[in-house]
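J.: See my_file-v6.pdb below, with PDB, C-alpha atoms.
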```
ATOM      1  CA  MET A   8       4.378  -6.007   6.575  1.00  0.00           C
ATOM      2  CA  ALA A   9       4.834  -4.779  10.099  1.00  0.00           C
ATOM      3  CA  ALA A  10       5.743  -7.382  12.705  1.00  0.00           C
ATOM      4  CA  PRO A  11       3.721  -7.322  15.940  1.00  0.00           C
ATOM      5  CA  ASN A  12       6.732  -5.894  17.819  1.00  0.00           C
ATOM      6  CA  LEU A  13       6.929  -2.749  15.632  1.00  0.00           C
ATOM      7  CA  VAL A  14       5.966   0.044  18.020  1.00  0.00           C
ATOM      8  CA  ASP A  15       5.625   2.973  15.574  1.00  0.00           C
ATOM      9  CA  PRO A  16       1.850   3.708  15.478  1.00  0.00           C
ATOM     10  CA  ASN A  17       2.130   4.723  11.807  1.00  0.00           C
ATOM     11  CA  PHE A  18       2.907   1.122  10.968  1.00  0.00           C
ATOM     12  CA  ARG A  19       1.016  -0.930  13.552  1.00  0.00           C
ATOM     13  CA  ARG A  20      -0.221  -3.982  11.646  1.00  0.00           C
ATOM     14  CA  ALA A  21       0.488  -2.181   8.379  1.00  0.00           C
ATOM     15  CA  VAL A  22       0.940  -3.907   5.053  1.00  0.00           C
ATOM     16  CA  VAL A  23       3.419  -1.885   2.996  1.00  0.00           C
ATOM     17  CA  LEU A  24       4.025  -2.273  -0.729  1.00  0.00           C
ATOM     18  CA  MET A  25       7.635  -1.333  -1.467  1.00  0.00           C
ATOM     19  CA  LEU A  26       7.894   0.814  -4.590  1.00  0.00           C
ATOM     20  CA  GLU A  27      11.602   1.622  -4.417  1.00  0.00           C
ATOM     21  CA  HIS A  28      14.523   0.318  -2.357  1.00  0.00           C
ATOM     22  CA  THR A  29      18.051   1.539  -3.071  1.00  0.00           C
ATOM     23  CA  ASP A  30      21.201   2.315  -1.096  1.00  0.00           C
ATOM     24  CA  GLU A  31      19.870   5.864  -0.684  1.00  0.00           C
ATOM     25  CA  GLY A  32      16.633   4.732   0.976  1.00  0.00           C
ATOM     26  CA  ALA A  33      13.245   3.146   0.446  1.00  0.00           C
ATOM     27  CA  LEU A  34       9.725   4.265  -0.422  1.00  0.00           C
ATOM     28  CA  GLY A  35       6.506   2.331   0.016  1.00  0.00           C
ATOM     29  CA  LEU A  36       2.756   2.664   0.453  1.00  0.00           C
ATOM     30  CA  VAL A  37       0.683   1.432   3.373  1.00  0.00           C
ATOM     31  CA  LEU A  38      -2.124  -0.577   1.756  1.00  0.00           C
ATOM     32  CA  ASN A  39      -4.527  -1.014   4.661  1.00  0.00           C
ATOM     33  CA  ARG A  40      -5.326   2.498   5.935  1.00  0.00           C
ATOM     34  CA  PRO A  41      -8.413   3.895   4.175  1.00  0.00           C
ATOM     35  CA  THR A  42      -9.419   7.450   5.039  1.00  0.00           C
ATOM     36  CA  PRO A  43     -12.913   8.970   5.008  1.00  0.00           C
ATOM     37  CA  LEU A  44     -11.922  11.099   1.984  1.00  0.00           C
ATOM     38  CA  VAL A  45     -13.743  10.140  -1.210  1.00  0.00           C
ATOM     39  CA  ALA A  46     -11.129  10.032  -3.976  1.00  0.00           C
ATOM     40  CA  ARG A  47     -13.253  11.884  -6.535  1.00  0.00           C
ATOM     41  CA  ASP A  48     -13.626  14.790  -4.095  1.00  0.00           C
ATOM     42  CA  ALA A  49     -10.003  14.863  -2.940  1.00  0.00           C
ATOM     43  CA  LEU A  50      -7.998  14.353  -6.141  1.00  0.00           C
ATOM     44  CA  PRO A  51      -7.113  16.815  -8.887  1.00  0.00           C
ATOM     45  CA  GLY A  52      -9.835  16.867 -11.557  1.00  0.00           C
ATOM     46  CA  ARG A  53      -7.618  15.192 -14.136  1.00  0.00           C
ATOM     47  CA  LEU A  54      -7.415  11.922 -12.163  1.00  0.00           C
ATOM     48  CA  ALA A  55     -10.580  12.139 -10.088  1.00  0.00           C
ATOM     49  CA  GLY A  56     -12.769  10.762 -12.852  1.00  0.00           C
ATOM     50  CA  ALA A  57     -10.622   7.653 -13.189  1.00  0.00           C
ATOM     51  CA  LEU A  58     -11.533   6.394  -9.725  1.00  0.00           C
ATOM     52  CA  PRO A  59     -14.852   4.723  -8.910  1.00  0.00           C
ATOM     53  CA  GLY A  60     -17.308   7.001  -7.118  1.00  0.00           C
ATOM     54  CA  GLU A  61     -17.190   5.029  -3.851  1.00  0.00           C
ATOM     55  CA  GLU A  62     -13.377   4.700  -3.744  1.00  0.00           C
ATOM     56  CA  HIS A  63     -11.647   6.359  -0.796  1.00  0.00           C
ATOM     57  CA  VAL A  64      -8.139   7.765  -0.601  1.00  0.00           C
ATOM     58  CA  HIS A  65      -5.874   5.542   1.481  1.00  0.00           C
ATOM     59  CA  ARG A  66      -3.230   6.893   3.848  1.00  0.00           C
ATOM     60  CA  GLY A  67      -0.046   5.727   2.149  1.00  0.00           C
ATOM     61  CA  GLY A  68       2.195   6.763   5.018  1.00  0.00           C
ATOM     62  CA  PRO A  69       3.282   9.622   7.229  1.00  0.00           C
ATOM     63  CA  VAL A  70       5.614  11.339   4.741  1.00  0.00           C
ATOM     64  CA  GLN A  71       4.182  14.228   2.681  1.00  0.00           C
ATOM     65  CA  PRO A  72       0.508  13.482   3.409  1.00  0.00           C
ATOM     66  CA  ASP A  73      -0.579  15.941   0.686  1.00  0.00           C
ATOM     67  CA  ALA A  74       1.352  14.052  -2.013  1.00  0.00           C
ATOM     68  CA  VAL A  75      -0.802  11.625  -4.005  1.00  0.00           C
ATOM     69  CA  ILE A  76       0.372   8.390  -5.608  1.00  0.00           C
ATOM     70  CA  VAL A  77      -2.162   6.470  -7.679  1.00  0.00           C
ATOM     71  CA  LEU A  78      -1.705   2.742  -8.282  1.00  0.00           C
ATOM     72  CA  ALA A  79      -3.524   0.679 -10.857  1.00  0.00           C
ATOM     73  CA  ASP A  80      -3.692  -2.882 -12.113  1.00  0.00           C
ATOM     74  CA  PHE A  81      -2.886  -2.263 -15.774  1.00  0.00           C
ATOM     75  CA  ALA A  82      -4.330  -4.363 -18.593  1.00  0.00           C
ATOM     76  CA  ASP A  83      -1.168  -3.311 -20.471  1.00  0.00           C
ATOM     77  CA  PRO A  84       1.671  -2.831 -17.944  1.00  0.00           C
ATOM     78  CA  GLU A  85       3.619  -0.738 -20.476  1.00  0.00           C
ATOM     79  CA  ARG A  86       1.074   2.045 -19.831  1.00  0.00           C
ATOM     80  CA  ALA A  87       2.275   2.395 -16.217  1.00  0.00           C
ATOM     81  CA  ALA A  88       4.700   5.167 -15.235  1.00  0.00           C
ATOM     82  CA  ALA A  89       6.538   2.462 -13.235  1.00  0.00           C
ATOM     83  CA  ILE A  90       5.744  -1.134 -12.287  1.00  0.00           C
ATOM     84  CA  ALA A  91       5.635  -2.241  -8.640  1.00  0.00           C
ATOM     85  CA  PHE A  92       5.119  -5.939  -9.477  1.00  0.00           C
ATOM     86  CA  GLY A  93       3.282  -7.934 -12.147  1.00  0.00           C
ATOM     87  CA  SER A  94       0.715  -5.632 -13.746  1.00  0.00           C
ATOM     88  CA  VAL A  95       0.414  -3.311 -10.715  1.00  0.00           C
ATOM     89  CA  GLY A  96       2.046   0.031 -11.285  1.00  0.00           C
ATOM     90  CA  ILE A  97       2.037   3.758 -10.731  1.00  0.00           C
ATOM     91  CA  VAL A  98      -0.342   5.893 -12.765  1.00  0.00           C
ATOM     92  CA  ASP A  99       1.340   8.781 -14.571  1.00  0.00           C
ATOM     93  CA  PRO A 100       0.345  11.878 -12.565  1.00  0.00           C
ATOM     94  CA  GLU A 101      -0.248  13.721 -15.857  1.00  0.00           C
ATOM     95  CA  ALA A 102      -2.666  11.055 -17.118  1.00  0.00           C
ATOM     96  CA  GLU A 103      -6.195  12.022 -18.022  1.00  0.00           C
ATOM     97  CA  ALA A 104      -9.103   9.918 -16.781  1.00  0.00           C
ATOM     98  CA  ALA A 105     -10.131   9.232 -20.379  1.00  0.00           C
ATOM     99  CA  ASP A 106      -6.674   7.776 -21.110  1.00  0.00           C
ATOM    100  CA  LEU A 107      -7.152   5.221 -18.342  1.00  0.00           C
ATOM    101  CA  GLU A 108     -10.586   3.979 -19.440  1.00  0.00           C
ATOM    102  CA  GLY A 109     -10.244   0.337 -20.371  1.00  0.00           C
ATOM    103  CA  ALA A 110      -6.513   0.444 -19.580  1.00  0.00           C
ATOM    104  CA  VAL A 111      -6.819  -0.420 -15.881  1.00  0.00           C
ATOM    105  CA  ARG A 112      -8.661  -3.181 -14.059  1.00  0.00           C
ATOM    106  CA  ALA A 113      -8.468  -1.529 -10.623  1.00  0.00           C
ATOM    107  CA  ILE A 114      -7.226   1.818  -9.340  1.00  0.00           C
ATOM    108  CA  ARG A 115      -6.546   3.336  -5.906  1.00  0.00           C
ATOM    109  CA  ALA A 116      -5.182   6.662  -4.618  1.00  0.00           C
ATOM    110  CA  PHE A 117      -2.800   7.024  -1.681  1.00  0.00           C
ATOM    111  CA  GLY A 118      -2.116  10.234   0.209  1.00  0.00           C
ATOM    112  CA  GLY A 119       1.430  10.347   1.549  1.00  0.00           C
ATOM    113  CA  TYR A 120       3.929   7.535   1.592  1.00  0.00           C
ATOM    114  CA  ALA A 121       6.282   5.621   3.864  1.00  0.00           C
ATOM    115  CA  GLY A 122       9.947   6.512   3.580  1.00  0.00           C
ATOM    116  CA  TRP A 123      13.217   5.301   5.032  1.00  0.00           C
ATOM    117  CA  ALA A 124      16.693   6.834   4.864  1.00  0.00           C
ATOM    118  CA  GLY A 125      19.578   4.773   3.496  1.00  0.00           C
ATOM    119  CA  GLY A 126      20.186   1.756   5.737  1.00  0.00           C
ATOM    120  CA  GLN A 127      17.194   2.495   7.990  1.00  0.00           C
ATOM    121  CA  LEU A 128      14.897  -0.182   6.572  1.00  0.00           C
ATOM    122  CA  GLU A 129      17.708  -2.742   6.561  1.00  0.00           C
ATOM    123  CA  GLN A 130      18.267  -2.019  10.273  1.00  0.00           C
ATOM    124  CA  GLU A 131      14.549  -2.440  11.009  1.00  0.00           C
ATOM    125  CA  ILE A 132      14.524  -5.723   9.088  1.00  0.00           C
ATOM    126  CA  ALA A 133      17.555  -6.924  11.099  1.00  0.00           C
ATOM    127  CA  GLU A 134      15.583  -6.061  14.256  1.00  0.00           C
ATOM    128  CA  GLU A 135      12.735  -8.244  12.907  1.00  0.00           C
ATOM    129  CA  ALA A 136      10.332  -5.294  12.820  1.00  0.00           C
ATOM    130  CA  TRP A 137       9.174  -6.271   9.314  1.00  0.00           C
ATOM    131  CA  ILE A 138       7.963  -9.518   7.760  1.00  0.00           C
ATOM    132  CA  ASP A 139       8.622 -10.036   4.050  1.00  0.00           C
ATOM    133  CA  ALA A 140       5.737 -11.431   2.006  1.00  0.00           C
ATOM    134  CA  ALA A 141       4.906 -11.638  -1.681  1.00  0.00           C
ATOM    135  CA  GLY A 142       2.121  -9.279  -2.688  1.00  0.00           C
ATOM    136  CA  THR A 143      -0.839  -9.762  -4.973  1.00  0.00           C
ATOM    137  CA  SER A 144      -2.981  -7.262  -6.844  1.00  0.00           C
ATOM    138  CA  GLY A 145      -5.793  -8.328  -4.504  1.00  0.00           C
ATOM    139  CA  ASP A 146      -3.747  -6.982  -1.587  1.00  0.00           C
ATOM    140  CA  VAL A 147      -3.370  -3.570  -3.215  1.00  0.00           C
ATOM    141  CA  PHE A 148      -7.036  -3.211  -4.178  1.00  0.00           C
ATOM    142  CA  THR A 149      -8.726  -5.123  -1.362  1.00  0.00           C
ATOM    143  CA  ARG A 150     -12.239  -4.117  -0.332  1.00  0.00           C
ATOM    144  CA  GLU A 151     -11.457  -5.344   3.201  1.00  0.00           C
ATOM    145  CA  PRO A 152      -8.305  -3.428   4.204  1.00  0.00           C
ATOM    146  CA  GLU A 153      -8.945  -4.019   7.908  1.00  0.00           C
ATOM    147  CA  ARG A 154      -8.396  -7.764   7.298  1.00  0.00           C
ATOM    148  CA  LEU A 155      -5.365  -7.452   5.011  1.00  0.00           C
ATOM    149  CA  TRP A 156      -2.592  -7.830   7.626  1.00  0.00           C
ATOM    150  CA  ARG A 157      -4.079 -11.065   8.950  1.00  0.00           C
ATOM    151  CA  ARG A 158      -4.888 -12.374   5.473  1.00  0.00           C
ATOM    152  CA  VAL A 159      -1.306 -11.896   4.212  1.00  0.00           C
ATOM    153  CA  LEU A 160       0.133 -13.607   7.302  1.00  0.00           C
ATOM    154  CA  GLU A 161      -2.297 -16.519   6.881  1.00  0.00           C
ATOM    155  CA  ARG A 162      -1.234 -16.848   3.243  1.00  0.00           C
ATOM    156  CA  LYS A 163       2.444 -16.855   4.270  1.00  0.00           C
ATOM    157  CA  GLY A 164       1.679 -19.949   6.360  1.00  0.00           C
ATOM    158  CA  GLY A 165       3.616 -21.785   9.047  1.00  0.00           C
ATOM    159  CA  THR A 166       4.084 -19.945  12.337  1.00  0.00           C
ATOM    160  CA  PHE A 167       2.866 -16.767  10.665  1.00  0.00           C
ATOM    161  CA  ARG A 168      -0.640 -18.228  10.865  1.00  0.00           C
ATOM    162  CA  LEU A 169      -0.316 -18.121  14.642  1.00  0.00           C
ATOM    163  CA  VAL A 170       0.867 -14.511  14.498  1.00  0.00           C
ATOM    164  CA  ALA A 171      -2.148 -13.658  12.326  1.00  0.00           C
ATOM    165  CA  ARG A 172      -4.481 -14.963  15.009  1.00  0.00           C
ATOM    166  CA  MET A 173      -2.885 -13.032  17.867  1.00  0.00           C
ATOM    167  CA  PRO A 174      -5.200 -10.511  19.513  1.00  0.00           C
ATOM    168  CA  ASP A 175      -4.399  -6.817  19.044  1.00  0.00           C
ATOM    169  CA  ASN A 176      -3.112  -6.686  22.607  1.00  0.00           C
ATOM    170  CA  PRO A 177      -1.854 -10.126  23.762  1.00  0.00           C
ATOM    171  CA  GLU A 178      -1.586  -8.854  27.337  1.00  0.00           C
ATOM    172  CA  LEU A 179      -5.391  -8.716  27.506  1.00  0.00           C
ATOM    173  CA  ASN A 180      -5.659 -12.383  26.553  1.00  0.00           C
TER     174      ASN A 180
END
```
As structure tokens, please, write out the structure in this file.
T.:
Amino acid sequence: MAAPNLVDPNFRRAVVLMLEHTDEGALGLVLNRPTPLVARDALPGRLAGALPGEEHVHRGGPVQPDAVIVLADFADPERAAAIAFGSVGIVDPEAEAADLEGAVRAIRAFGGYAGWAGGQLEQEIAEEAWIDAAGTSGDVFTREPERLWRRVLERKGGTFRLVARMPDNPELN
């Protein structure tokens, strides 16, 4: 998750789920940026029916905003195209909505993603721009994304609880 000193507005108080991190670079999804787009209206017909009617597309990051990555909490993780952690994984983009019925406990679509070139994320971590925290499926599929950054910091405990309670702009305090 983004540390308070991260100045890039794309990641201000963002909670990012890392999907891939290699020597060549890293790819993740911002979990706490819902958009006004209703997923059923915005997604290709094949996947649209798999998402609940009220579910919105989330802005996964600034890279390729038209690209869609769908995550789900799989009842059978072997049905995922790839696993992020535990039973949370990527939905096969060729999947039909009917194939997912009963196979997923929760599902969410993300437009775009966050990306870093090789060594870039490591440099940002060395600069303390990111805070590492273990994720939960509740983080990915939260119904209160505006509270996610604070909630994850609170869960991390210690001095991070103080960071979680900082106002958006400490200079106004």
J.: Per residue of stretch 13-109 of chain A within 10 Å of stretch 138-159 of chain A, what are the shortest atom pair and its distance in Å to one decimal, counting only C-alpha atoms, with rows by chain and residue number, as CSV?
T.:
```
residue,atom,partner,partner_atom,distance
A:Arg19,CA,A:Trp156,CA,9.8
A:Arg20,CA,A:Trp156,CA,6.0
A:Ala21,CA,A:Trp156,CA,6.5
A:Val22,CA,A:Trp156,CA,5.9
A:Val23,CA,A:Val147,CA,9.4
A:Leu24,CA,A:Gly142,CA,7.5
A:Met25,CA,A:Gly142,CA,9.7
A:Leu36,CA,A:Val147,CA,9.5
A:Val37,CA,A:Val147,CA,9.2
A:Leu38,CA,A:Val147,CA,5.9
A:Asn39,CA,A:Pro152,CA,4.5
A:Arg40,CA,A:Pro152,CA,6.9
A:Pro41,CA,A:Pro152,CA,7.3
A:Glu62,CA,A:Arg150,CA,9.5
A:His65,CA,A:Pro152,CA,9.7
A:Leu78,CA,A:Val147,CA,8.3
A:Ala79,CA,A:Phe148,CA,8.5
A:Asp80,CA,A:Ser144,CA,6.9
A:Ala91,CA,A:Gly142,CA,9.9
A:Phe92,CA,A:Gly142,CA,8.1
A:Gly93,CA,A:Ser144,CA,8.2
A:Ser94,CA,A:Ser144,CA,8.0
A:Val95,CA,A:Ser144,CA,6.5
A:Gly96,CA,A:Ser144,CA,9.9
```
J.: Just give me the gap between atom CA of A:Asp83 and atom CA of A:Gly35 in Å, one decimal is fine.
T.: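 Going from atom CA of A:Asp83 over to atom CA of A:Gly35, I get 22.6 Å.
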J.: Using all atoms listed in the file, determine which residues lie at most 6 Å from stretch 115-117 of chain A, disregarding the query and same-chain residues fewer than 2 positions distant; provide the list as a list of chain:residue names.
T.: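 My reading of the contact set: A:Val64, A:His65, A:Arg66, A:Gly67, A:Val75, A:Ile76, A:Val77, A:Leu78.
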J.: Between A:Gly165, A:Pro16, A:Gly60, A:Gly52, which one has atoms that come closest to A:Pro100, using all atoms listed in the file?
T.: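 Between A:Gly165, A:Pro16, A:Gly60, A:Gly52, the residue approaching A:Pro100 most closely is A:Gly52.
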J.: Please write the residues picked by the PyMOL selection byres ((chain A and resi 70) around 8) on this file as a ChimeraX atom specification.
T.: /A:68-69,71-72,119-122
J.: Using all atoms listed in the file, can you tell me which of A:Glu131, A:His63, A:Thr29, A:Arg168 comes closest to A:Leu44?
T.: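 Nearest candidate to A:Leu44 out of A:Glu131, A:His63, A:Thr29, A:Arg168: A:His63.
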J.: Hey, can I get the axis-aligned box for stretch 154-172 of chain A? All listed atoms, 3 Å padding on each side, centre and edge lengths in Å to one decimal, as JSON.
T.:
```
{"center_x": -2.2, "center_y": -14.6, "center_z": 9.1, "size_x": 18.5, "size_y": 20.3, "size_z": 17.8}
```
J.: Separation of atom CA of A:Ile97 and atom CA of A:Ile114, in Å?
T.: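 Separation of atom CA of A:Ile97 and atom CA of A:Ile114: 9.6 Å.
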J.: Between atom CA of A:Glu129 and atom CA of A:Asp30, what is the distance in Å, rounded to a tenth?
T.: 9.8 Å
J.: Please determine, counting only C-alpha atoms, which residue among A:Arg47, A:Gly32, A:Phe18, A:Pro11 has the shortest atom-to-atom distance to A:Gln127.
T.: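 Once distances to A:Gln127 are computed over only C-alpha atoms, the minimum belongs to A:Gly32.
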J.: Choose the residue, out of A:His28, A:Met8, A:Leu13, A:Pro174, that has the smallest atom-to-atom separation from A:Leu128; count only C-alpha atoms.
T.: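 For A:Leu128, the nearest of the given residues is A:His28.
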J.: Starting from the displayed file, determine the output of the PyMOL selection byres ((chain A and resi 56) around 10) and express the residue list as a ChimeraX atom specification.
T.: /A:46-48,50-55,57-60,103-105,107-108
J.: Convert the current residue selection to file output with C-alpha atoms, as an mmCIF file, keeping the file's coordinate frame.
T.:
```
data_model
loop_
_atom_site.group_PDB
_atom_site.id
_atom_site.type_symbol
_atom_site.label_atom_id
_atom_site.label_comp_id
_atom_site.auth_asym_id
_atom_site.auth_seq_id
_atom_site.Cartn_x
_atom_site.Cartn_y
_atom_site.Cartn_z
ATOM 1 C CA ALA A 46 -11.129 10.032 -3.976
ATOM 2 C CA ARG A 47 -13.253 11.884 -6.535
ATOM 3 C CA ASP A 48 -13.626 14.790 -4.095
ATOM 4 C CA LEU A 50 -7.998 14.353 -6.141
ATOM 5 C CA PRO A 51 -7.113 16.815 -8.887
ATOM 6 C CA GLY A 52 -9.835 16.867 -11.557
ATOM 7 C CA ARG A 53 -7.618 15.192 -14.136
ATOM 8 C CA LEU A 54 -7.415 11.922 -12.163
ATOM 9 C CA ALA A 55 -10.580 12.139 -10.088
ATOM 10 C CA ALA A 57 -10.622 7.653 -13.189
ATOM 11 C CA LEU A 58 -11.533 6.394 -9.725
ATOM 12 C CA PRO A 59 -14.852 4.723 -8.910
ATOM 13 C CA GLY A 60 -17.308 7.001 -7.118
ATOM 14 C CA GLU A 103 -6.195 12.022 -18.022
ATOM 15 C CA ALA A 104 -9.103 9.918 -16.781
ATOM 16 C CA ALA A 105 -10.131 9.232 -20.379
ATOM 17 C CA LEU A 107 -7.152 5.221 -18.342
ATOM 18 C CA GLU A 108 -10.586 3.979 -19.440
#
```
J.: With distances taken over only C-alpha atoms, which of A:Ala88, A:Ala74, A:Leu160, A:Ala171 is nearest to A:Ala49?
T.: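 Going through A:Ala88, A:Ala74, A:Leu160, A:Ala171 one by one, the smallest distance to A:Ala49 is for A:Ala74.
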J.: Would you please work out which residue, of A:Glu27, A:Ala10, A:Ala33, A:Asp175, is nearest to A:Ile90 when using only C-alpha atoms?
T.: A:Glu27
J.: Give me stretch 30-60 of chain A from this structure - N, CA and C atoms, as a PDB file, in the first residue's frame.
T.:
```pdb
ATOM      1  N   ASP A  30      12.171  -9.869 -12.110  1.00  0.00           N
ATOM      2  CA  ASP A  30      13.280  -8.969 -12.423  1.00  0.00           C
ATOM      3  C   ASP A  30      12.923  -8.005 -13.552  1.00  0.00           C
ATOM      4  N   GLU A  31      11.998  -8.404 -14.414  1.00  0.00           N
ATOM      5  CA  GLU A  31      11.608  -7.563 -15.547  1.00  0.00           C
ATOM      6  C   GLU A  31      10.628  -6.455 -15.156  1.00  0.00           C
ATOM      7  N   GLY A  32       9.971  -6.582 -14.015  1.00  0.00           N
ATOM      8  CA  GLY A  32       9.031  -5.562 -13.578  1.00  0.00           C
ATOM      9  C   GLY A  32       7.951  -6.130 -12.681  1.00  0.00           C
ATOM     10  N   ALA A  33       6.940  -5.317 -12.430  1.00  0.00           N
ATOM     11  CA  ALA A  33       5.863  -5.722 -11.526  1.00  0.00           C
ATOM     12  C   ALA A  33       4.529  -5.230 -12.073  1.00  0.00           C
ATOM     13  N   LEU A  34       3.474  -5.951 -11.712  1.00  0.00           N
ATOM     14  CA  LEU A  34       2.117  -5.612 -12.128  1.00  0.00           C
ATOM     15  C   LEU A  34       1.196  -5.819 -10.943  1.00  0.00           C
ATOM     16  N   GLY A  35       0.327  -4.853 -10.703  1.00  0.00           N
ATOM     17  CA  GLY A  35      -0.616  -4.953  -9.600  1.00  0.00           C
ATOM     18  C   GLY A  35      -1.910  -4.242  -9.925  1.00  0.00           C
ATOM     19  N   LEU A  36      -2.864  -4.353  -9.021  1.00  0.00           N
ATOM     20  CA  LEU A  36      -4.171  -3.712  -9.171  1.00  0.00           C
ATOM     21  C   LEU A  36      -4.471  -2.865  -7.942  1.00  0.00           C
ATOM     22  N   VAL A  37      -4.872  -1.623  -8.180  1.00  0.00           N
ATOM     23  CA  VAL A  37      -5.321  -0.760  -7.096  1.00  0.00           C
ATOM     24  C   VAL A  37      -6.700  -1.263  -6.682  1.00  0.00           C
ATOM     25  N   LEU A  38      -6.879  -1.558  -5.412  1.00  0.00           N
ATOM     26  CA  LEU A  38      -8.123  -2.166  -4.929  1.00  0.00           C
ATOM     27  C   LEU A  38      -9.176  -1.156  -4.481  1.00  0.00           C
ATOM     28  N   ASN A  39      -8.771   0.070  -4.202  1.00  0.00           N
ATOM     29  CA  ASN A  39      -9.704   1.004  -3.566  1.00  0.00           C
ATOM     30  C   ASN A  39     -10.035   2.231  -4.413  1.00  0.00           C
ATOM     31  N   ARG A  40     -10.277   2.019  -5.713  1.00  0.00           N
ATOM     32  CA  ARG A  40     -10.660   3.121  -6.599  1.00  0.00           C
ATOM     33  C   ARG A  40     -11.869   2.729  -7.459  1.00  0.00           C
ATOM     34  N   PRO A  41     -13.063   2.666  -6.878  1.00  0.00           N
ATOM     35  CA  PRO A  41     -14.232   2.349  -7.704  1.00  0.00           C
ATOM     36  C   PRO A  41     -14.514   3.479  -8.693  1.00  0.00           C
ATOM     37  N   THR A  42     -15.083   3.129  -9.821  1.00  0.00           N
ATOM     38  CA  THR A  42     -15.488   4.124 -10.813  1.00  0.00           C
ATOM     39  C   THR A  42     -17.017   4.147 -10.851  1.00  0.00           C
ATOM     40  N   PRO A  43     -17.607   5.105 -11.533  1.00  0.00           N
ATOM     41  CA  PRO A  43     -19.068   5.115 -11.661  1.00  0.00           C
ATOM     42  C   PRO A  43     -19.587   4.076 -12.667  1.00  0.00           C
ATOM     43  N   LEU A  44     -18.681   3.433 -13.410  1.00  0.00           N
ATOM     44  CA  LEU A  44     -19.107   2.469 -14.429  1.00  0.00           C
ATOM     45  C   LEU A  44     -19.677   1.193 -13.807  1.00  0.00           C
ATOM     46  N   VAL A  45     -20.875   0.836 -14.182  1.00  0.00           N
ATOM     47  CA  VAL A  45     -21.470  -0.423 -13.731  1.00  0.00           C
ATOM     48  C   VAL A  45     -20.849  -1.543 -14.565  1.00  0.00           C
ATOM     49  N   ALA A  46     -20.326  -2.556 -13.905  1.00  0.00           N
ATOM     50  CA  ALA A  46     -19.580  -3.617 -14.580  1.00  0.00           C
ATOM     51  C   ALA A  46     -20.389  -4.291 -15.675  1.00  0.00           C
ATOM     52  N   ARG A  47     -21.647  -4.563 -15.430  1.00  0.00           N
ATOM     53  CA  ARG A  47     -22.473  -5.251 -16.437  1.00  0.00           C
ATOM     54  C   ARG A  47     -22.621  -4.433 -17.716  1.00  0.00           C
ATOM     55  N   ASP A  48     -22.552  -3.102 -17.587  1.00  0.00           N
ATOM     56  CA  ASP A  48     -22.665  -2.231 -18.757  1.00  0.00           C
ATOM     57  C   ASP A  48     -21.326  -2.059 -19.468  1.00  0.00           C
ATOM     58  N   ALA A  49     -20.232  -2.169 -18.732  1.00  0.00           N
ATOM     59  CA  ALA A  49     -18.917  -1.838 -19.278  1.00  0.00           C
ATOM     60  C   ALA A  49     -18.129  -3.037 -19.800  1.00  0.00           C
ATOM     61  N   LEU A  50     -18.452  -4.229 -19.339  1.00  0.00           N
ATOM     62  CA  LEU A  50     -17.660  -5.410 -19.704  1.00  0.00           C
ATOM     63  C   LEU A  50     -18.193  -6.097 -20.957  1.00  0.00           C
ATOM     64  N   PRO A  51     -17.315  -6.880 -21.604  1.00  0.00           N
ATOM     65  CA  PRO A  51     -17.782  -7.699 -22.726  1.00  0.00           C
ATOM     66  C   PRO A  51     -18.898  -8.628 -22.250  1.00  0.00           C
ATOM     67  N   GLY A  52     -19.862  -8.885 -23.108  1.00  0.00           N
ATOM     68  CA  GLY A  52     -21.030  -9.696 -22.753  1.00  0.00           C
ATOM     69  C   GLY A  52     -20.714 -11.009 -22.089  1.00  0.00           C
ATOM     70  N   ARG A  53     -19.630 -11.636 -22.502  1.00  0.00           N
ATOM     71  CA  ARG A  53     -19.264 -12.961 -21.981  1.00  0.00           C
ATOM     72  C   ARG A  53     -19.079 -12.920 -20.464  1.00  0.00           C
ATOM     73  N   LEU A  54     -18.428 -11.879 -19.942  1.00  0.00           N
ATOM     74  CA  LEU A  54     -18.162 -11.800 -18.507  1.00  0.00           C
ATOM     75  C   LEU A  54     -19.174 -10.955 -17.748  1.00  0.00           C
ATOM     76  N   ALA A  55     -19.856 -10.082 -18.449  1.00  0.00           N
ATOM     77  CA  ALA A  55     -20.759  -9.133 -17.786  1.00  0.00           C
ATOM     78  C   ALA A  55     -21.763  -9.830 -16.876  1.00  0.00           C
ATOM     79  N   GLY A  56     -22.310 -10.921 -17.323  1.00  0.00           N
ATOM     80  CA  GLY A  56     -23.319 -11.628 -16.541  1.00  0.00           C
ATOM     81  C   GLY A  56     -22.787 -12.276 -15.279  1.00  0.00           C
ATOM     82  N   ALA A  57     -21.487 -12.401 -15.161  1.00  0.00           N
ATOM     83  CA  ALA A  57     -20.903 -13.034 -13.977  1.00  0.00           C
ATOM     84  C   ALA A  57     -20.810 -12.084 -12.796  1.00  0.00           C
ATOM     85  N   LEU A  58     -20.928 -10.783 -13.069  1.00  0.00           N
ATOM     86  CA  LEU A  58     -20.804  -9.802 -11.989  1.00  0.00           C
ATOM     87  C   LEU A  58     -22.174  -9.376 -11.491  1.00  0.00           C
ATOM     88  N   PRO A  59     -22.302  -9.156 -10.181  1.00  0.00           N
ATOM     89  CA  PRO A  59     -23.582  -8.706  -9.632  1.00  0.00           C
ATOM     90  C   PRO A  59     -24.019  -7.393 -10.291  1.00  0.00           C
ATOM     91  N   GLY A  60     -25.294  -7.191 -10.409  1.00  0.00           N
ATOM     92  CA  GLY A  60     -25.843  -6.020 -11.082  1.00  0.00           C
ATOM     93  C   GLY A  60     -25.370  -4.694 -10.544  1.00  0.00           C
TER      94      GLY A  60
END
```
